[in-house]
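**Q** Next comes the structure file model-v2.txt, holding compact mmCIF, C-alpha atoms.
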```
# COMPACT_ATOMS: atom_id res chain seq x y z
CA MET W 1187 -23.19 -35.17 137.12
CA ILE W 1188 -20.13 -37.41 137.30
CA VAL W 1189 -18.76 -38.91 134.09
CA ILE W 1190 -16.93 -42.24 134.39
CA THR W 1191 -14.86 -43.46 131.46
CA GLY W 1192 -14.54 -47.24 131.62
CA GLY W 1193 -17.71 -47.10 133.69
CA ALA W 1194 -18.97 -50.47 132.47
CA GLY W 1195 -15.68 -52.14 133.39
CA PHE W 1196 -14.59 -53.73 136.63
CA ILE W 1197 -13.76 -50.88 139.01
CA GLY W 1198 -15.82 -48.42 136.99
CA SER W 1199 -19.10 -50.32 137.29
CA ASN W 1200 -18.60 -50.85 141.02
CA LEU W 1201 -17.99 -47.12 141.41
CA ALA W 1202 -21.02 -46.28 139.27
CA ALA W 1203 -23.20 -48.57 141.39
CA ALA W 1204 -22.04 -47.00 144.65
CA LEU W 1205 -22.51 -43.45 143.35
CA THR W 1206 -25.99 -44.07 141.94
CA GLU W 1207 -27.00 -45.69 145.22
CA SER W 1208 -25.99 -42.47 146.98
CA GLY W 1209 -28.11 -40.38 144.60
CA GLU W 1210 -25.45 -39.13 142.19
CA ARG W 1211 -26.25 -38.69 138.51
CA ILE W 1212 -23.85 -40.77 136.41
CA ALA W 1213 -22.91 -40.87 132.75
CA ILE W 1214 -20.78 -43.77 131.54
CA CYS W 1215 -18.37 -43.81 128.62
CA ASP W 1216 -17.37 -47.31 127.54
CA HIS W 1217 -17.34 -50.02 124.89
CA LEU W 1218 -19.82 -52.83 125.64
CA GLY W 1219 -18.98 -55.20 122.80
CA GLN W 1220 -20.83 -58.41 122.04
CA GLY W 1221 -20.38 -60.23 125.35
CA ASP W 1222 -21.99 -59.81 128.76
CA LYS W 1223 -20.16 -56.67 129.83
CA TRP W 1224 -23.48 -54.79 129.67
CA ARG W 1225 -24.62 -56.81 132.68
CA ASN W 1226 -22.15 -54.87 134.84
CA ILE W 1227 -24.40 -51.81 134.50
CA ALA W 1228 -27.77 -53.46 133.89
CA LYS W 1229 -29.13 -52.48 137.32
CA LEU W 1230 -28.12 -48.83 137.16
CA GLU W 1231 -30.06 -45.65 136.44
CA LEU W 1232 -27.83 -43.71 134.06
CA GLU W 1233 -27.91 -40.19 132.71
CA ASP W 1234 -26.17 -41.29 129.53
CA LEU W 1235 -24.10 -44.03 127.91
CA VAL W 1236 -21.47 -42.58 125.60
CA PRO W 1237 -19.28 -44.36 123.01
CA PRO W 1238 -15.58 -43.63 123.68
CA ASP W 1239 -15.05 -42.09 120.24
CA GLN W 1240 -17.66 -39.45 121.12
CA ILE W 1241 -16.47 -38.55 124.61
CA LEU W 1242 -14.79 -35.22 123.75
CA GLU W 1243 -17.79 -33.97 121.78
CA TYR W 1244 -20.11 -35.14 124.56
CA LEU W 1245 -18.13 -33.38 127.29
CA GLY W 1246 -18.21 -30.19 125.28
CA ASP W 1247 -22.01 -30.42 125.06
CA VAL W 1248 -22.59 -31.09 128.77
CA ALA W 1249 -19.66 -29.22 130.34
CA ASN W 1250 -21.91 -27.06 132.52
CA ARG W 1251 -23.54 -30.18 134.05
CA VAL W 1252 -20.34 -32.10 134.86
CA ARG W 1253 -18.69 -31.69 138.26
CA ALA W 1254 -16.14 -34.53 138.02
CA LEU W 1255 -14.56 -36.85 135.50
CA VAL W 1256 -13.28 -40.23 136.70
CA HIS W 1257 -11.08 -41.60 133.95
CA LEU W 1258 -10.80 -45.38 134.33
CA GLY W 1259 -11.16 -46.32 130.68
CA ALA W 1260 -8.10 -47.86 129.04
CA ILE W 1261 -6.72 -50.81 127.16
CA SER W 1262 -5.90 -52.72 130.34
CA ASP W 1263 -4.65 -56.00 128.86
CA THR W 1264 -1.07 -56.42 130.08
CA THR W 1265 -0.34 -58.62 127.03
CA ALA W 1266 -1.53 -56.01 124.48
CA ARG W 1267 1.07 -55.57 121.73
CA ASP W 1268 -0.35 -52.69 119.64
CA ALA W 1269 1.74 -49.83 121.04
CA ASP W 1270 0.01 -47.27 118.81
CA ALA W 1271 -3.39 -48.22 120.21
CA LEU W 1272 -2.02 -48.16 123.76
CA ALA W 1273 -0.57 -44.70 123.23
CA GLU W 1274 -3.78 -43.36 121.68
CA ASN W 1275 -6.17 -44.83 124.25
CA ASN W 1276 -4.12 -44.75 127.44
CA PHE W 1277 -1.99 -41.65 126.93
CA ARG W 1278 -3.32 -39.18 124.36
CA LEU W 1279 -6.96 -39.46 125.44
CA SER W 1280 -5.86 -38.89 129.04
CA THR W 1281 -4.06 -35.67 128.07
CA TRP W 1282 -7.18 -34.39 126.29
CA LEU W 1283 -9.38 -35.14 129.29
CA TRP W 1284 -6.90 -33.42 131.63
CA ARG W 1285 -7.04 -30.31 129.44
CA PHE W 1286 -10.85 -30.37 129.42
CA CYS W 1287 -11.00 -30.56 133.22
CA ALA W 1288 -8.39 -27.83 133.58
CA GLU W 1289 -10.24 -25.52 131.19
CA HIS W 1290 -13.64 -26.10 132.80
CA ASN W 1291 -12.58 -26.37 136.47
CA LYS W 1292 -13.64 -30.00 136.92
CA GLN W 1293 -12.36 -32.64 139.31
CA PHE W 1294 -10.20 -35.20 137.51
CA LEU W 1295 -9.40 -38.62 138.95
CA TYR W 1296 -7.59 -41.12 136.75
CA ALA W 1297 -6.36 -44.69 136.92
CA SER W 1298 -2.65 -45.18 136.77
CA SER W 1299 -1.44 -48.69 137.60
CA ALA W 1300 0.93 -50.69 139.77
CA ALA W 1301 2.25 -51.99 136.43
CA THR W 1302 4.17 -48.71 136.19
CA TYR W 1303 6.59 -50.08 138.83
CA GLY W 1304 7.90 -52.78 136.51
CA ASP W 1305 9.77 -55.55 138.33
CA GLY W 1306 9.78 -53.57 141.57
CA ALA W 1307 13.54 -53.04 141.57
CA GLN W 1308 12.94 -49.34 142.29
CA GLY W 1309 10.37 -50.13 144.98
CA PHE W 1310 6.69 -49.23 144.99
CA ASP W 1311 6.84 -45.66 146.27
CA ASP W 1312 4.07 -43.46 144.82
CA ASP W 1313 6.42 -40.51 144.57
CA ALA W 1314 5.20 -38.15 141.84
CA ALA W 1315 8.51 -36.31 141.43
CA ILE W 1316 9.84 -36.17 137.87
CA GLU W 1317 13.18 -37.64 138.94
CA HIS W 1318 11.59 -40.60 140.71
CA LEU W 1319 9.20 -41.40 137.86
CA ALA W 1320 12.10 -41.34 135.41
CA ARG W 1321 13.72 -44.26 137.22
CA LEU W 1322 10.76 -46.62 136.84
CA ARG W 1323 10.87 -49.23 134.09
CA PRO W 1324 7.49 -50.83 133.25
CA LEU W 1325 7.73 -54.33 131.81
CA ASN W 1326 4.93 -54.15 129.22
CA GLY W 1327 3.21 -51.73 126.87
CA TYR W 1328 0.24 -51.27 129.16
CA GLY W 1329 2.43 -50.26 132.09
CA TRP W 1330 4.48 -47.99 129.83
CA SER W 1331 1.39 -46.18 128.50
CA LYS W 1332 0.12 -45.53 132.02
CA HIS W 1333 3.55 -44.40 133.15
CA LEU W 1334 3.83 -42.07 130.18
CA PHE W 1335 0.79 -40.14 131.40
CA ASP W 1336 2.04 -40.01 135.01
CA ARG W 1337 5.23 -38.41 133.70
CA TRP W 1338 3.27 -36.01 131.48
CA VAL W 1339 1.26 -34.87 134.53
CA ALA W 1340 4.45 -34.37 136.54
CA ARG W 1341 5.84 -32.11 133.82
CA ARG W 1342 2.63 -30.08 133.58
CA LEU W 1343 2.76 -29.47 137.32
CA ALA W 1344 6.44 -28.54 137.27
CA GLU W 1345 5.95 -26.13 134.37
CA GLY W 1346 2.93 -24.46 135.96
CA GLY W 1347 0.59 -25.51 133.16
CA PRO W 1348 -3.21 -25.62 133.38
CA VAL W 1349 -4.36 -27.96 136.14
CA PRO W 1350 -7.85 -29.30 137.00
CA VAL W 1351 -9.48 -27.95 140.15
CA GLN W 1352 -8.58 -31.34 141.66
CA TRP W 1353 -6.44 -34.12 140.24
CA ALA W 1354 -5.46 -37.54 141.55
CA GLY W 1355 -3.81 -40.50 139.87
CA LEU W 1356 -4.42 -43.91 141.42
CA LYS W 1357 -2.01 -46.83 141.16
CA PHE W 1358 -4.35 -49.76 141.71
CA PHE W 1359 -2.70 -52.99 142.84
CA ASN W 1360 -4.29 -56.47 142.53
CA ALA W 1361 -8.01 -55.77 142.75
CA TYR W 1362 -10.59 -58.55 142.88
CA GLY W 1363 -14.36 -58.63 143.21
CA PRO W 1364 -17.66 -58.64 141.30
CA ASN W 1365 -18.08 -57.46 137.70
CA GLU W 1366 -14.63 -58.54 136.52
CA TYR W 1367 -15.99 -61.53 134.60
CA HIS W 1368 -15.68 -59.91 131.15
CA LYS W 1369 -11.92 -59.57 131.60
CA GLY W 1370 -11.18 -63.17 130.65
CA ALA W 1371 -7.56 -64.11 131.26
CA GLN W 1372 -6.99 -60.68 132.84
CA ALA W 1373 -9.53 -61.33 135.62
CA SER W 1374 -8.20 -61.83 139.15
CA VAL W 1375 -6.63 -65.03 140.39
CA ALA W 1376 -9.47 -65.24 142.93
CA TYR W 1377 -12.01 -65.48 140.11
CA HIS W 1378 -10.03 -68.07 138.14
CA LEU W 1379 -9.45 -70.23 141.21
CA PHE W 1380 -13.18 -70.16 141.98
CA GLN W 1381 -13.90 -71.40 138.46
CA GLN W 1382 -11.38 -74.23 138.82
CA VAL W 1383 -12.50 -75.37 142.26
CA GLY W 1384 -16.17 -75.03 141.34
CA ALA W 1385 -15.55 -77.40 138.43
CA GLY W 1386 -14.08 -80.01 140.80
CA GLN W 1387 -10.47 -79.28 139.86
CA PRO W 1388 -7.56 -78.38 142.11
CA ALA W 1389 -6.61 -74.74 142.49
CA ARG W 1390 -3.68 -74.29 140.11
CA LEU W 1391 -0.92 -71.91 141.14
CA PHE W 1392 2.46 -71.24 139.56
CA GLN W 1393 5.53 -72.99 140.88
CA SER W 1394 8.26 -70.73 142.15
CA HIS W 1395 11.38 -70.40 140.04
CA ASN W 1396 13.02 -68.17 142.65
CA PRO W 1397 14.80 -69.85 145.58
CA ASP W 1398 13.68 -67.04 147.89
CA TYR W 1399 10.00 -68.02 147.51
CA PRO W 1400 8.32 -71.42 147.96
CA ASP W 1401 5.68 -72.64 145.53
CA GLY W 1402 2.62 -70.49 146.15
CA GLY W 1403 4.70 -68.11 148.23
CA GLN W 1404 4.78 -65.44 145.52
CA MET W 1405 3.16 -62.35 147.05
CA ARG W 1406 0.77 -59.65 145.89
CA ASP W 1407 -1.13 -56.78 147.46
CA PHE W 1408 -4.67 -58.08 146.89
CA ILE W 1409 -7.32 -55.40 147.36
CA TRP W 1410 -11.09 -55.82 147.51
CA VAL W 1411 -12.76 -53.73 144.79
CA GLY W 1412 -15.03 -52.13 147.38
CA ASP W 1413 -11.95 -50.57 148.96
CA CYS W 1414 -10.91 -49.11 145.59
CA VAL W 1415 -14.37 -47.57 145.33
CA GLU W 1416 -14.12 -46.15 148.85
CA VAL W 1417 -10.87 -44.38 147.93
CA LEU W 1418 -12.40 -42.90 144.77
CA ILE W 1419 -15.50 -41.65 146.58
CA TRP W 1420 -13.39 -40.19 149.38
CA LEU W 1421 -11.35 -38.26 146.81
CA LEU W 1422 -14.50 -36.96 145.13
CA GLU W 1423 -15.65 -35.72 148.54
CA ASN W 1424 -12.27 -34.12 149.37
CA ARG W 1425 -11.55 -31.74 146.51
CA ARG W 1426 -8.44 -30.30 148.12
CA VAL W 1427 -6.58 -33.61 147.96
CA ASN W 1428 -4.29 -33.86 144.95
CA GLY W 1429 -1.51 -36.28 144.07
CA LEU W 1430 -0.41 -39.67 142.84
CA PHE W 1431 -1.47 -42.42 145.24
CA ASN W 1432 -1.06 -46.16 145.61
CA VAL W 1433 -4.31 -48.06 146.15
CA GLY W 1434 -3.56 -51.33 147.88
CA THR W 1435 -3.88 -52.65 151.41
CA GLY W 1436 -0.24 -52.10 152.30
CA LYS W 1437 0.01 -55.79 153.21
CA ALA W 1438 1.29 -58.37 150.72
CA ARG W 1439 -0.21 -61.86 150.92
CA SER W 1440 0.78 -65.07 149.16
CA PHE W 1441 -1.13 -66.80 146.40
CA ALA W 1442 -1.33 -69.81 148.71
CA ASP W 1443 -3.07 -67.58 151.29
CA LEU W 1444 -5.54 -66.54 148.60
CA ALA W 1445 -6.25 -70.15 147.62
CA ARG W 1446 -6.76 -71.18 151.26
CA ALA W 1447 -9.18 -68.28 151.77
CA LEU W 1448 -11.11 -69.42 148.72
CA PHE W 1449 -11.36 -73.04 149.89
CA GLU W 1450 -12.61 -71.82 153.27
CA ALA W 1451 -15.22 -69.55 151.67
CA MET W 1452 -16.41 -72.41 149.44
CA ASP W 1453 -16.40 -74.94 152.28
CA ARG W 1454 -14.07 -77.20 150.29
CA PRO W 1455 -10.98 -79.12 151.44
CA GLU W 1456 -7.68 -77.58 150.38
CA ASN W 1457 -6.40 -78.98 147.08
CA ILE W 1458 -3.62 -76.95 145.44
CA GLU W 1459 -1.64 -78.03 142.37
CA TYR W 1460 1.52 -76.17 141.39
CA VAL W 1461 2.28 -75.84 137.68
CA PRO W 1462 5.36 -74.37 135.94
CA THR W 1463 5.25 -70.66 135.21
CA PRO W 1464 5.00 -70.26 131.40
CA GLU W 1465 8.43 -69.64 129.92
CA ASP W 1466 7.28 -66.58 127.97
CA ILE W 1467 6.55 -64.68 131.21
CA ARG W 1468 8.99 -66.40 133.56
CA ASP W 1469 11.80 -63.85 133.18
CA LYS W 1470 9.36 -60.95 133.79
CA TYR W 1471 7.44 -62.52 136.65
CA GLN W 1472 7.05 -60.43 139.80
CA TYR W 1473 7.51 -62.34 143.06
CA PHE W 1474 6.53 -59.51 145.39
CA THR W 1475 4.34 -56.42 145.24
CA GLU W 1476 3.17 -54.34 148.18
CA ALA W 1477 1.72 -50.85 148.16
CA PRO W 1478 3.21 -48.34 150.59
CA MET W 1479 0.13 -46.43 151.73
CA ALA W 1480 1.71 -43.58 153.69
CA ARG W 1481 0.84 -40.86 151.16
CA LEU W 1482 -2.85 -41.69 150.98
CA ARG W 1483 -3.00 -41.99 154.78
CA ALA W 1484 -1.18 -38.66 155.18
CA ALA W 1485 -3.73 -37.08 152.83
CA GLY W 1486 -6.45 -38.06 155.30
CA PHE W 1487 -7.85 -41.41 154.17
CA GLU W 1488 -8.33 -43.30 157.44
CA ARG W 1489 -10.69 -46.17 156.65
CA PRO W 1490 -9.31 -49.69 157.18
CA PHE W 1491 -8.82 -51.98 154.21
CA THR W 1492 -10.59 -55.33 153.93
CA GLU W 1493 -8.61 -58.38 155.04
CA LEU W 1494 -8.02 -60.94 152.29
CA GLU W 1495 -10.08 -63.64 153.98
CA ASP W 1496 -13.03 -61.28 154.48
CA GLY W 1497 -12.90 -59.99 150.91
CA VAL W 1498 -12.72 -63.46 149.38
CA ARG W 1499 -15.59 -64.62 151.60
CA ARG W 1500 -17.76 -61.70 150.45
CA TYR W 1501 -16.83 -62.28 146.82
CA VAL W 1502 -17.75 -65.95 146.95
CA ARG W 1503 -20.85 -65.86 149.13
CA ASP W 1504 -22.40 -62.59 147.96
CA HIS W 1505 -21.57 -62.90 144.26
CA LEU W 1506 -19.80 -65.90 142.72
CA ALA W 1507 -21.89 -68.57 144.44
CA THR W 1508 -25.22 -66.79 143.83
CA LYS W 1509 -27.65 -66.77 140.92
CA ASP W 1510 -26.87 -63.13 140.26
CA ARG W 1511 -23.16 -62.54 140.64
CA TYR W 1512 -23.21 -58.93 139.45
CA ARG W 1513 -22.88 -55.86 141.71
```
What would you get if you wrote out this structure as structure tokens?
**A**
Amino acid sequence: MIVITGGAGFIGSNLAAALTESGERIAICDHLGQGDKWRNIAKLELEDLVPPDQILEYLGDVANRVRALVHLGAISDTTARDADALAENNFRLSTWLWRFCAEHNKQFLYASSAATYGDGAQGFDDDAAIEHLARLRPLNGYGWSKHLFDRWVARRLAEGGPVPVQWAGLKFFNAYGPNEYHKGAQASVAYHLFQQVGAGQPARLFQSHNPDYPDGGQMRDFIWVGDCVEVLIWLLENRRVNGLFNVGTGKARSFADLARALFEAMDRPENIEYVPTPEDIRDKYQYFTEAPMARLRAAGFERPFTELEDGVRRYVRDHLATKDRYR
């Protein structure tokens, strides 16, 4: 059995769907709340559905049945201000799960984040060395809490502490795709632009306040969620691969490119409106992110990543523009 924390969330539910389709037995640990998040897993056959506050007790009860733990659960809101809650959920729980997997010889994959790179001044190199990690400066509490665990792992490795039979931390870049609808303001730009254009409005993008970038020329490494799932499954199948890895396409694209891909997928004429970047985030705004993918490629992952236009087309035509938009 594979246990997925955050398994009803965006990447987690897509992973759970792919694994159940391949015949794996899956248990999910997650909060469902009072909205429609449950729909992300409504089609799945599950071994169990575990409340997060019971995960440690549950793992102790089923330890002999678990072969891998994929830890994607977290407070992922980049605007979250409760640092105590971030530390408890994103750091301390991660250390407990690491120790469980080390003690019981389980595979342990966990979600780090591209937010650990901060403003990108130190680059986007997924170097797991203690000295390199110490130079990174995340810009928000979410990024800090994820970075704190990356650094904790680096120290455990350096000190020769207990280590899971396999471990891998994944720095996901700007993922988009089905089952992100519960994320609200934190959902991808692709999703929000679809909502705007579908309502007959222009696609609204931020103006540039940096002379090096035109309006809409701000760049991100947009990655189709199916590619994130492919990386996770490949790691589960390759137990000898360990490390901290970027998960992006390795090719930054502009927000204007994303909007144009969306208009094409929706068969609508291009209509983009540029609005000022809110002042409260303007001084922390990233104008460029791109994931160097050399380490994951060197580890043996050879599959090509989905081009932006192809991913947006699939998202729109197979999900957003259908009666059932869920994976």
**Q** Mind giving me the straight-line distance from atom CA of W:Glu1345 to atom CA of W:Tyr1303 in Å, one decimal?
**A**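 Between atom CA of W:Glu1345 and atom CA of W:Tyr1303 the gap works out to 24.4 Å.
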**Q** Could you give me, as a list of chain:residue names, the residues that have an atom at most 10 Å away from the point (-30.5, -56.7, 141.9) in the coordinates of the file, using all atoms listed in the file?
**A**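 So the residues meeting the distance criterion are W:Ala1228, W:Lys1229, W:Leu1230, W:Asp1510, W:Arg1511, W:Tyr1512, W:Arg1513.
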**Q** Just how far from atom CA of W:Gln1381 is atom CA of W:Cys1215, in Å to one decimal?
**A**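 Interatomic distance here is 29.6 Å.
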**Q** Any idea what the distance is between atom CA of W:Ala1507 and atom CA of W:Ala1445?
**A**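 If I compute the distance from atom CA of W:Ala1507 to atom CA of W:Ala1445, I get 16.0 Å.
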**Q** Show me, as JSON, the centre and edge lengths in Å to one decimal of the axis-aligned box that covers every listed atom of stretch 1409-1414 of chain W with 5 Å on each side.
**A**
```
{"center_x": -11.2, "center_y": -52.5, "center_z": 146.9, "size_x": 17.7, "size_y": 16.7, "size_z": 14.2}
```
**Q** Which one of W:Val1427, W:Ala1480, W:Ala1301, W:Val1383 sits closest to W:Asn1326 if you count only C-alpha atoms?
**A** W:Ala1301
**Q** Looking at all atoms listed in the file, which of W:Gly1497, W:Pro1388, W:Gly1429, W:Pro1455 is the one that sits closest to W:Ala1354?
**A**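 Answer, going by the shortest atom-to-atom distance: W:Gly1429.
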**Q** Around (-14.7, -51.3, 136.8), as given in the file, which residues come within 12 Å? Count only C-alpha atoms and list them as a PyMOL selection string.
**A** chain W and resi 1190-1204+1214-1216+1223-1224+1226-1227+1256-1260+1262+1297+1358+1361-1369+1373+1411-1412+1414-1415+1418+1512-1513
**Q** Residues near stretch 1422-1424 of chain W, anyone? I mean within 10 Å using only C-alpha atoms, not counting same-chain ones fewer than 5 positions away, as number ranges by chain.
**A** W: 1188, 1253-1256, 1293-1295, 1352-1354, 1416-1417, 1485-1487
**Q** Set out as a tab-separated table a contact list for stretch 1329-1373 of chain W and stretch 1270-1273 of chain W with a cut-off of 10 Å, giving each residue of stretch 1329-1373 of chain W that qualifies its closest atom pair and distance in Å to one decimal, counting only C-alpha atoms, ordered by chain and rising residue number.
**A**
```
residue	atom	partner	partner_atom	distance
W:Gly1329	CA	W:Leu1272	CA	9.7
W:Trp1330	CA	W:Leu1272	CA	8.9
W:Ser1331	CA	W:Ala1273	CA	5.8
W:Lys1332	CA	W:Ala1273	CA	8.9
W:Leu1334	CA	W:Ala1273	CA	8.6
W:Phe1335	CA	W:Ala1273	CA	9.5
```
**Q** Counting all atoms listed in the file, which residue out of W:Glu1274, W:Asp1313, W:Asp1413, W:Glu1289 sits closest to W:Tyr1328?
**A**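 Selected residue with least distance to W:Tyr1328: W:Glu1274.
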